[in-house]
Structure formats: structure tokens, C-alpha cells
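What follows is one structure encoded as C-alpha cells, with my remarks underneath.
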Amino acid sequence: MVNEEYRGLVYPWGRKSPMGYGEPLEVAPGVWWVRFEMPGGLDHINIWLLEEANGWTVVDTCMKLDSAKAQWESLFTGFMQGKPIVRVICTHLHPDHIGLAGWLCERFDCEVWMTRSEYLNGSLLLSYTSDEVPSTALQFYKRAGFSDEMMASYQQRFGTFGKMSEPLPHSYRRIVDLETINIGDHYWQVVIGQGHSPEHACLYCPGLKLIIAGDQILPRITPNVSVFPTEPDGNPLEYWLSSNTRLLDILPEDLLVLPAHQSPFKGARTRLNQIIDSHRQSLARLYNNLTEAKTVPECFVHLFSRELKEHEVHLATGETIAHLNYLVQRGNVSRDVNADGLYTYTANPNSEFIHADDVAA
């Protein structure tokens with residue numbers, strides 16, 4: 001083991017993966033780490049294989065890619081020794097996590113295990129494959145300040161979620177918060193987080209002192225917390241902050257965290273505090289710079305440290321609105337509509353709020 005230390009976290013196998021794609025590494029007895037290659041900035045997802053006497057439990061699946069299916073085929077006939085997959089657990093609904101769940105479940109005649117909100121919302125989003133964009137979605141992004149070019153790009157990309165995933169099975173095994181699941185020689189407790197997705201499931205194994213964290217606890221990035229047209233007045237950041245605060249009460253510091261992206265690490269509570277503090281600082285910065293009314297794009301500079309690339313504007317818009325909705329629903333900020341039909345946001349100077357200078361760096 002390397003035990004590389006960086007920004008308060010300890011990486012037992014280093015910050016960079018010690019193995020190539022599709023090469024399993026045992027991180028605890030019966031728990032295997034496999035990296036799957038993906039296109040995009042993150043370029044990979046970590047899949048977790050849990051060994052049982054009669055087969056394997058798979059946690060997350062990679063998105064629908066021919067290369068990912070080829071990696072799975074290689075594992076089936078090689079490392080997995082021909083033993084079947086007995087269940088597929090998906091931490092949440094995003095395509096890199098559920099993309100091949102239907103394919104795996106059909107192949108091995110097994111169930112997908114998910115929380116109810118993730119299964120139902122995932123099924124809904126997978127159905128958005130038509131060319132027609134709902135008028136409510138167009139209004140949402142128009143009020144958020146999308147230009148004609150950005151709106152055309154959004155309409156062209158609409159439905160890509162469904163193209164990145166195989167259809168989910170028509171039935172599922174529901175998992176719920178604090179439920180325990182026996183896998184191999186250990187029990188695993190389901191711990192729910194919210195905000196990045198509706199009902200994200202982590203798997204905590206006290207006996208092995210580790211947690212399969214999905215996107216809930218990532219070591220070097222914070223997952224996107226966004227508002228989308230399906231729930232325009234949603235407050236996912238409130239859920240995100242409160243659920244991470246709750247995890248602080250549940251998880252010990254020396255836990256081995258197995259994230260969906262980047263490398264396993266120790267320092268769960270340190271990282272949770274870093275994530276919470278980064279959002280508190282962003283909220284304070286935003287509030288302090290809304291002395292005059294601003295549109296959503298005019299708020300980008302207060303939340304993001306660099307100029308956004310064209311393909312990043314969509315998610316940046318959702319995340320910015322999440323921060324603004326949080327402030328609006330706490331009474332710190334007022335939302336209005338200007339002469340161009342765009343939402344504008346202005347700080348309420350008499351509201352109680354922690355200013356940027358009062359937040360620990």
C-alpha cells in the first residue's frame with residue numbers, strides 16, 4: 001500500500017489508480033475494485049464486486065457502451081470464474097450507474113436493487129427519448145438566461161439520458177434507509193443521501209470498516225447538485241447539506257471510502273466537512289454579491305473559479321439555480337422577473353445570513 005496523504009485524506013493505493021481498466025483489485029476481503037472506462041472529463045467509473053458463495057453482487061454498472069459490455073464479458077469468463085451475478089445494486093439513477101443494469105439483470109436473471117425514488121425517477125427519465133421538448137423545460141431555461149444558441153443545443157441534446165442506458169427491468173427490489181443486507185460473510189447497511197439525486201444509496205459495512213459511497217462522498221470533486229425543469233422550485237442543496245450532516249453522525253473518521261470516481265480514501269468525516277464548507281462558502285459569496293439584481297448567468301462568476309466551457313453551461317445553470325433556490329427559500333434572496341422575462345435575484349439585506357468573512361476557509 002502507498003498511503004499517500006493529500007489535503008487531509010489518506011489514499012491507501014495512491015491518488016492515481018494502481019491498475020488499468022478491467023483489472024480487479026481486492027480492497028477488503030471479498031470486495032473487489034474494477035475501473036470501467038468512459039468518455040468525458042471523469043473518464044471512468046469504479047464498479048464494486050462483492051464475492052458470495054454462490055456468485056457475485058455488483059454495485060453500479062457503467063453506462064451503455066460497447067466497450068463496457070466488452071469489459072464485463074472479459075470479467076465473466078475470467079476473473080469472475082463463471083459464477084453468476086446474483087443481484088445488481090445501483091446507488092442512484094445516473095447513466096454511469098444504471099446504464100447496464102437492465103442488460104446484466106436480463107443476462108443473469110437477477111433483480112436490480114434500488115431505492116424507490118431512484119428507480120421511478122430513472123424510469124421516467126429513460127422515457128424521455130422523443131424529439132419533442134416539454135414547453136415547461138423550454139420556459140425554465142429561457143427564464144434562466146439561455147440564449148437562442150444554447151436553447152437550440154439543449155433541444156438537440158434532449159433525450160440523451162435514455163440513449164446512455166439500457167431500459168431498467170420492469171420490476172425491482174426496493175432498498176430503504178438503514179436496512180441491512182447480508183452479502184457474503186458480512187452485513188451491509190443502506191445509508192441514504194439526497195441532493196445529488198433523489199434517494200442515493202450508500203452501503204456501509206461496519207465489519208469491514210468501509211462504505212461504498214457512490215457519488216455521495218467523492219475525494220477531490222463535489223458532485224453536481226442541480227435544479228431541473230421537472231422540479232423548477234426544488235431545493236436539492238438543502239437536502240444535500242442536511243444528508244451530509246447526517247452522515248457525520250453515522251460514519252467514523254477511519255472508514256475506508258469506496259467512491260464511484262477517483263481513488264478509495266480514508267477520512268470520511270474530514271471530506272464531508274470539506275464538502276459542506278465548500279457549499280457554505282459558495283452560498284455566502286453569492287449572497288454577498290447580490291446587492292443588485294442579477295440573472296442566473298451573471299451569478300456564474302461567484303460560484304465557479306474559471307470560465308465555463310460551452311458544454312458545461314447546462315449543469316452550471318442547474319447548480320447555480322440550486323444555490324439561488326436555497327437562498328430564496330430561506331428568505332435571504334428575492335426572485336423577480338425582469339423586462340426580458342428572465343429571473344433576477346436580489347439579496348434581502350435584513351435577512352440573517354453567515355457572510356463570507358464568517359465562514360472558515
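Each chain in the C-alpha cells gets a letter, A, B, ..., in the order shown, and its residues are numbered from 1; ligands are numbered from 1 in order too.
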Spatial neighbours of segment 183-200 of chain A, max dist 9 Å, only C-alpha atoms, sep filter under 5 positions, as an NGL selection string: :A and (30 or 50-53 or 56-57 or 90-94 or 114-118 or 121 or 175-178 or 205-208 or 211 or 214-216 or 223-226 or 235-244 or 246-247 or 250)
Contacts of segment 320-326 of chain A within 9 Å, only C-alpha atoms, excl. fewer than 3 positions in-chain, as a PyMOL selection string: chain A and resi 144+225-228+232-238+279+282-283+286-287+296-297+299-300+303+315-317+329-333+335+345
Would you write out those residues with N, CA and C atoms, as a short mmCIF file (atom, residue, chain, number, x, y, z; two decimals), in the first residue's frame?
data_model
loop_
_atom_site.label_atom_id
_atom_site.label_comp_id
_atom_site.auth_asym_id
_atom_site.auth_seq_id
_atom_site.Cartn_x
_atom_site.Cartn_y
_atom_site.Cartn_z
N ALA A 144 -33.92 31.16 -17.21
CA ALA A 144 -32.59 31.05 -16.63
C ALA A 144 -31.53 31.75 -17.46
N VAL A 225 -25.06 19.28 -7.85
CA VAL A 225 -26.34 19.39 -7.14
C VAL A 225 -27.15 20.42 -7.90
N SER A 226 -28.14 19.97 -8.64
CA SER A 226 -28.82 20.83 -9.61
C SER A 226 -30.33 20.83 -9.47
N VAL A 227 -30.92 21.93 -9.94
CA VAL A 227 -32.36 22.03 -10.15
C VAL A 227 -32.62 21.79 -11.63
N PHE A 228 -33.66 21.00 -11.93
CA PHE A 228 -34.00 20.66 -13.31
C PHE A 228 -35.44 21.09 -13.61
N PRO A 232 -38.83 22.80 -10.88
CA PRO A 232 -38.13 24.08 -11.00
C PRO A 232 -37.92 24.83 -9.69
N ASP A 233 -38.78 24.60 -8.71
CA ASP A 233 -38.62 25.27 -7.42
C ASP A 233 -38.04 24.34 -6.36
N GLY A 234 -37.43 23.25 -6.80
CA GLY A 234 -36.84 22.30 -5.87
C GLY A 234 -35.68 22.91 -5.09
N ASN A 235 -35.37 22.28 -3.97
CA ASN A 235 -34.29 22.76 -3.10
C ASN A 235 -33.31 21.61 -2.79
N PRO A 236 -32.67 21.06 -3.84
CA PRO A 236 -31.80 19.91 -3.59
C PRO A 236 -30.60 20.23 -2.71
N LEU A 237 -30.14 21.48 -2.71
CA LEU A 237 -28.98 21.82 -1.88
C LEU A 237 -29.30 21.70 -0.39
N GLU A 238 -30.53 22.01 -0.02
CA GLU A 238 -30.96 21.82 1.37
C GLU A 238 -30.84 20.35 1.76
N HIS A 279 -19.82 24.42 0.06
CA HIS A 279 -21.12 24.96 -0.33
C HIS A 279 -21.50 26.16 0.54
N SER A 282 -19.75 29.03 -0.90
CA SER A 282 -20.36 29.44 -2.16
C SER A 282 -21.64 30.22 -1.92
N LEU A 283 -22.45 29.77 -0.98
CA LEU A 283 -23.69 30.48 -0.65
C LEU A 283 -23.39 31.88 -0.11
N LEU A 286 -22.22 34.15 -2.94
CA LEU A 286 -23.33 34.50 -3.81
C LEU A 286 -24.21 35.57 -3.14
N TYR A 287 -24.57 35.35 -1.91
CA TYR A 287 -25.41 36.29 -1.18
C TYR A 287 -24.75 37.68 -1.12
N VAL A 296 -29.26 34.48 -13.70
CA VAL A 296 -28.51 33.25 -13.40
C VAL A 296 -27.10 33.28 -14.02
N PRO A 297 -26.94 33.59 -15.32
CA PRO A 297 -25.57 33.61 -15.88
C PRO A 297 -24.66 34.64 -15.20
N CYS A 299 -24.49 35.14 -12.18
CA CYS A 299 -24.08 34.55 -10.90
C CYS A 299 -22.96 33.52 -11.07
N PHE A 300 -22.69 33.07 -12.30
CA PHE A 300 -21.69 32.03 -12.51
C PHE A 300 -20.35 32.39 -11.89
N LEU A 303 -19.71 31.45 -8.31
CA LEU A 303 -19.74 30.04 -7.91
C LEU A 303 -18.64 29.20 -8.55
N LEU A 315 -25.13 22.17 -16.87
CA LEU A 315 -25.06 21.74 -15.48
C LEU A 315 -24.76 22.91 -14.55
N ALA A 316 -23.95 23.87 -15.03
CA ALA A 316 -23.67 25.05 -14.20
C ALA A 316 -24.94 25.84 -13.92
N THR A 317 -25.83 25.90 -14.90
CA THR A 317 -27.11 26.58 -14.70
C THR A 317 -27.93 25.89 -13.62
N GLN A 329 -35.57 30.27 -0.59
CA GLN A 329 -36.47 29.58 0.33
C GLN A 329 -36.11 29.82 1.79
N ARG A 330 -34.91 30.31 2.05
CA ARG A 330 -34.54 30.73 3.41
C ARG A 330 -34.87 32.19 3.67
N GLY A 331 -35.37 32.88 2.66
CA GLY A 331 -35.71 34.28 2.82
C GLY A 331 -34.54 35.23 2.69
N ASN A 332 -33.38 34.74 2.26
CA ASN A 332 -32.20 35.58 2.11
C ASN A 332 -32.19 36.36 0.81
N VAL A 333 -32.93 35.86 -0.20
CA VAL A 333 -32.89 36.43 -1.54
C VAL A 333 -34.32 36.48 -2.09
N ARG A 335 -36.68 36.67 -5.65
CA ARG A 335 -36.65 36.37 -7.08
C ARG A 335 -37.75 37.17 -7.79
N TYR A 345 -32.32 37.92 -9.23
CA TYR A 345 -32.21 37.60 -7.80
C TYR A 345 -31.52 38.75 -7.08
#
Option closest in space to Tyr141 of chain A, from A:Tyr21, A:Tyr343, A:Phe353, A:Tyr11 [counting only C-alpha atoms]: A:Tyr343
Picked from segment 214-322 of chain A by DSSP as alpha helix (DSSP H), as a ChimeraX atom specification: /A:236-250,268-288,296-303,313-322
Convert the current residue selection to file output with N, CA and C atoms, as a short mmCIF file (atom, residue, chain, number, x, y, z; two decimals), in the first residue's frame.
data_model
loop_
_atom_site.label_atom_id
_atom_site.label_comp_id
_atom_site.auth_asym_id
_atom_site.auth_seq_id
_atom_site.Cartn_x
_atom_site.Cartn_y
_atom_site.Cartn_z
N PRO A 236 -32.67 21.06 -3.84
CA PRO A 236 -31.80 19.91 -3.59
C PRO A 236 -30.60 20.23 -2.71
N LEU A 237 -30.14 21.48 -2.71
CA LEU A 237 -28.98 21.82 -1.88
C LEU A 237 -29.30 21.70 -0.39
N GLU A 238 -30.53 22.01 -0.02
CA GLU A 238 -30.96 21.82 1.37
C GLU A 238 -30.84 20.35 1.76
N TYR A 239 -31.34 19.46 0.87
CA TYR A 239 -31.26 18.03 1.13
C TYR A 239 -29.81 17.55 1.15
N TRP A 240 -29.00 18.10 0.25
CA TRP A 240 -27.59 17.70 0.16
C TRP A 240 -26.85 18.04 1.45
N LEU A 241 -27.01 19.25 1.92
CA LEU A 241 -26.31 19.68 3.14
C LEU A 241 -26.81 18.91 4.36
N SER A 242 -28.11 18.72 4.46
CA SER A 242 -28.65 18.04 5.65
C SER A 242 -28.28 16.56 5.65
N SER A 243 -28.27 15.92 4.48
CA SER A 243 -27.93 14.49 4.45
C SER A 243 -26.45 14.27 4.72
N ASN A 244 -25.59 15.17 4.24
CA ASN A 244 -24.17 15.04 4.55
C ASN A 244 -23.89 15.32 6.02
N THR A 245 -24.63 16.23 6.61
CA THR A 245 -24.52 16.48 8.05
C THR A 245 -24.96 15.24 8.82
N ARG A 246 -26.01 14.59 8.34
CA ARG A 246 -26.47 13.34 8.98
C ARG A 246 -25.40 12.25 8.89
N LEU A 247 -24.72 12.16 7.76
CA LEU A 247 -23.66 11.16 7.62
C LEU A 247 -22.53 11.39 8.62
N LEU A 248 -22.30 12.64 8.99
CA LEU A 248 -21.29 12.94 10.00
C LEU A 248 -21.63 12.28 11.33
N ASP A 249 -22.92 12.11 11.61
CA ASP A 249 -23.36 11.48 12.86
C ASP A 249 -23.29 9.97 12.80
N ILE A 250 -23.18 9.42 11.59
CA ILE A 250 -23.24 7.96 11.42
C ILE A 250 -21.87 7.35 11.21
N ALA A 268 -13.42 9.99 6.10
CA ALA A 268 -14.80 10.26 5.69
C ALA A 268 -15.33 11.56 6.28
N ARG A 269 -15.13 11.75 7.57
CA ARG A 269 -15.68 12.95 8.22
C ARG A 269 -14.95 14.20 7.75
N THR A 270 -13.65 14.09 7.56
CA THR A 270 -12.89 15.23 7.02
C THR A 270 -13.44 15.65 5.67
N ARG A 271 -13.69 14.69 4.81
CA ARG A 271 -14.17 15.02 3.47
C ARG A 271 -15.60 15.56 3.51
N LEU A 272 -16.45 14.99 4.35
CA LEU A 272 -17.82 15.50 4.46
C LEU A 272 -17.81 16.96 4.93
N ASN A 273 -16.97 17.28 5.88
CA ASN A 273 -16.87 18.66 6.34
C ASN A 273 -16.36 19.59 5.23
N GLN A 274 -15.42 19.09 4.44
CA GLN A 274 -14.91 19.89 3.32
C GLN A 274 -16.03 20.19 2.32
N ILE A 275 -16.83 19.17 2.02
CA ILE A 275 -17.92 19.34 1.06
C ILE A 275 -18.95 20.34 1.58
N ILE A 276 -19.34 20.18 2.84
CA ILE A 276 -20.31 21.09 3.44
C ILE A 276 -19.77 22.52 3.45
N ASP A 277 -18.52 22.69 3.87
CA ASP A 277 -17.94 24.03 3.96
C ASP A 277 -17.83 24.69 2.59
N SER A 278 -17.53 23.90 1.55
CA SER A 278 -17.39 24.50 0.22
C SER A 278 -18.72 25.09 -0.25
N HIS A 279 -19.82 24.42 0.06
CA HIS A 279 -21.12 24.96 -0.33
C HIS A 279 -21.50 26.16 0.54
N ARG A 280 -21.17 26.13 1.81
CA ARG A 280 -21.47 27.27 2.68
C ARG A 280 -20.72 28.51 2.19
N GLN A 281 -19.48 28.32 1.79
CA GLN A 281 -18.71 29.45 1.27
C GLN A 281 -19.31 29.96 -0.04
N SER A 282 -19.75 29.03 -0.90
CA SER A 282 -20.36 29.44 -2.16
C SER A 282 -21.64 30.22 -1.92
N LEU A 283 -22.45 29.77 -0.98
CA LEU A 283 -23.69 30.48 -0.65
C LEU A 283 -23.39 31.88 -0.11
N ALA A 284 -22.40 31.97 0.75
CA ALA A 284 -22.04 33.27 1.31
C ALA A 284 -21.53 34.22 0.23
N ARG A 285 -20.69 33.71 -0.66
CA ARG A 285 -20.18 34.53 -1.75
C ARG A 285 -21.30 35.04 -2.63
N LEU A 286 -22.22 34.15 -2.94
CA LEU A 286 -23.33 34.50 -3.81
C LEU A 286 -24.21 35.57 -3.14
N TYR A 287 -24.57 35.35 -1.91
CA TYR A 287 -25.41 36.29 -1.18
C TYR A 287 -24.75 37.68 -1.12
N ASN A 288 -23.48 37.70 -0.83
CA ASN A 288 -22.77 38.98 -0.68
C ASN A 288 -22.66 39.74 -2.00
N VAL A 296 -29.26 34.48 -13.70
CA VAL A 296 -28.51 33.25 -13.40
C VAL A 296 -27.10 33.28 -14.02
N PRO A 297 -26.94 33.59 -15.32
CA PRO A 297 -25.57 33.61 -15.88
C PRO A 297 -24.66 34.64 -15.20
N GLU A 298 -25.21 35.73 -14.71
CA GLU A 298 -24.40 36.73 -14.03
C GLU A 298 -23.92 36.24 -12.66
N CYS A 299 -24.49 35.14 -12.18
CA CYS A 299 -24.08 34.55 -10.90
C CYS A 299 -22.96 33.52 -11.07
N PHE A 300 -22.69 33.07 -12.30
CA PHE A 300 -21.69 32.03 -12.51
C PHE A 300 -20.35 32.39 -11.89
N VAL A 301 -19.93 33.63 -12.08
CA VAL A 301 -18.60 34.05 -11.65
C VAL A 301 -18.43 33.91 -10.13
N HIS A 302 -19.51 33.94 -9.38
CA HIS A 302 -19.43 33.85 -7.93
C HIS A 302 -19.41 32.41 -7.43
N LEU A 303 -19.71 31.45 -8.31
CA LEU A 303 -19.74 30.04 -7.91
C LEU A 303 -18.64 29.20 -8.55
N VAL A 313 -22.19 24.68 -19.44
CA VAL A 313 -23.16 25.70 -19.03
C VAL A 313 -24.47 25.09 -18.54
N HIS A 314 -24.88 23.98 -19.14
CA HIS A 314 -26.15 23.36 -18.75
C HIS A 314 -26.14 22.95 -17.29
N LEU A 315 -25.13 22.17 -16.87
CA LEU A 315 -25.06 21.74 -15.48
C LEU A 315 -24.76 22.91 -14.55
N ALA A 316 -23.95 23.87 -15.03
CA ALA A 316 -23.67 25.05 -14.20
C ALA A 316 -24.94 25.84 -13.92
N THR A 317 -25.83 25.90 -14.90
CA THR A 317 -27.11 26.58 -14.70
C THR A 317 -27.93 25.89 -13.62
N GLY A 318 -28.02 24.57 -13.70
CA GLY A 318 -28.77 23.82 -12.69
C GLY A 318 -28.21 23.98 -11.30
N GLU A 319 -26.87 23.97 -11.19
CA GLU A 319 -26.24 24.10 -9.88
C GLU A 319 -26.39 25.52 -9.33
N THR A 320 -26.31 26.52 -10.20
CA THR A 320 -26.49 27.89 -9.76
C THR A 320 -27.91 28.11 -9.25
N ILE A 321 -28.89 27.58 -9.97
CA ILE A 321 -30.28 27.72 -9.52
C ILE A 321 -30.49 26.99 -8.20
N ALA A 322 -29.79 25.87 -7.98
CA ALA A 322 -29.90 25.17 -6.70
C ALA A 322 -29.45 26.06 -5.54
#
Exercise: Lys16 of chain A partners within 10 Å, only C-alpha atoms, chain neighbours under 2 positions left out, as a PyMOL selection string: chain A and resi 4+11+13-14+18-19+262-264
Spatial neighbours of Pro134 of chain A, 10 Å, only C-alpha atoms, chain gap at least 3 places, as a list in words: Tyr128, Asp131, Ala137, Leu138, Gln139, Gln155, Phe158, Pro229 and Thr230 of chain A
Residue contacts of Val34 of chain A (8 Å, only C-alpha atoms) excluding same-chain residues fewer than 3 positions away, as an MDAnalysis selection string: chainID A and resid 21:25 46:49
Could you name the residues that touch Ser171 of chain A at 8 Å or less, counting only C-alpha atoms, but leaving out those on the same chain fewer than 2 positions away, as a short mmCIF file (atom, residue, chain, number, x, y, z; two decimals) with N, CA and C atoms, in the first residue's frame?
data_model
loop_
_atom_site.label_atom_id
_atom_site.label_comp_id
_atom_site.auth_asym_id
_atom_site.auth_seq_id
_atom_site.Cartn_x
_atom_site.Cartn_y
_atom_site.Cartn_z
N GLU A 111 -32.33 -9.65 -9.96
CA GLU A 111 -33.04 -8.41 -9.71
C GLU A 111 -32.09 -7.22 -9.62
N VAL A 112 -32.62 -6.05 -9.93
CA VAL A 112 -31.93 -4.81 -9.64
C VAL A 112 -32.45 -4.31 -8.30
N PRO A 169 -35.09 -2.98 -15.67
CA PRO A 169 -36.08 -4.07 -15.56
C PRO A 169 -37.44 -3.52 -15.16
N ARG A 173 -36.17 -4.71 -6.67
CA ARG A 173 -36.19 -4.96 -5.22
C ARG A 173 -35.89 -3.63 -4.53
#
Could you pull the residues within 8 Å of Lys83 of chain A, counting only C-alpha atoms, minus those fewer than 6 positions along the same chain, as an mmCIF file with N, CA and C atoms, in the first residue's frame?
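Now in out_25.cif:
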data_model
loop_
_atom_site.group_PDB
_atom_site.id
_atom_site.type_symbol
_atom_site.label_atom_id
_atom_site.label_comp_id
_atom_site.auth_asym_id
_atom_site.auth_seq_id
_atom_site.Cartn_x
_atom_site.Cartn_y
_atom_site.Cartn_z
ATOM 1 N N ASN A 54 -22.246 -18.235 -3.720
ATOM 2 C CA ASN A 54 -22.935 -18.727 -4.923
ATOM 3 C C ASN A 54 -22.864 -17.761 -6.095
ATOM 4 N N GLY A 55 -22.082 -16.702 -5.970
ATOM 5 C CA GLY A 55 -21.998 -15.762 -7.081
ATOM 6 C C GLY A 55 -21.469 -14.405 -6.659
ATOM 7 N N TRP A 56 -21.930 -13.362 -7.341
ATOM 8 C CA TRP A 56 -21.415 -12.014 -7.125
ATOM 9 C C TRP A 56 -22.565 -11.015 -6.976
ATOM 10 N N PHE A 76 -16.636 -11.858 -16.891
ATOM 11 C CA PHE A 76 -17.470 -13.051 -16.740
ATOM 12 C C PHE A 76 -16.665 -14.325 -16.950
#
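Scanning segment 125-223 of chain A with DSSP on the backbone, the strand (DSSP E) assignments fall on Arg173, Arg174, Thr180, Ile181, Asn182, Ile183, His186, Tyr187, Trp188, Gln189, Val190, Val191, Ile192, Gly193, His200, Ala201, Cys202, Leu203, Tyr204, Cys205, Leu210, Ile211, Ile212, Ala213 and Gly214 of chain A.
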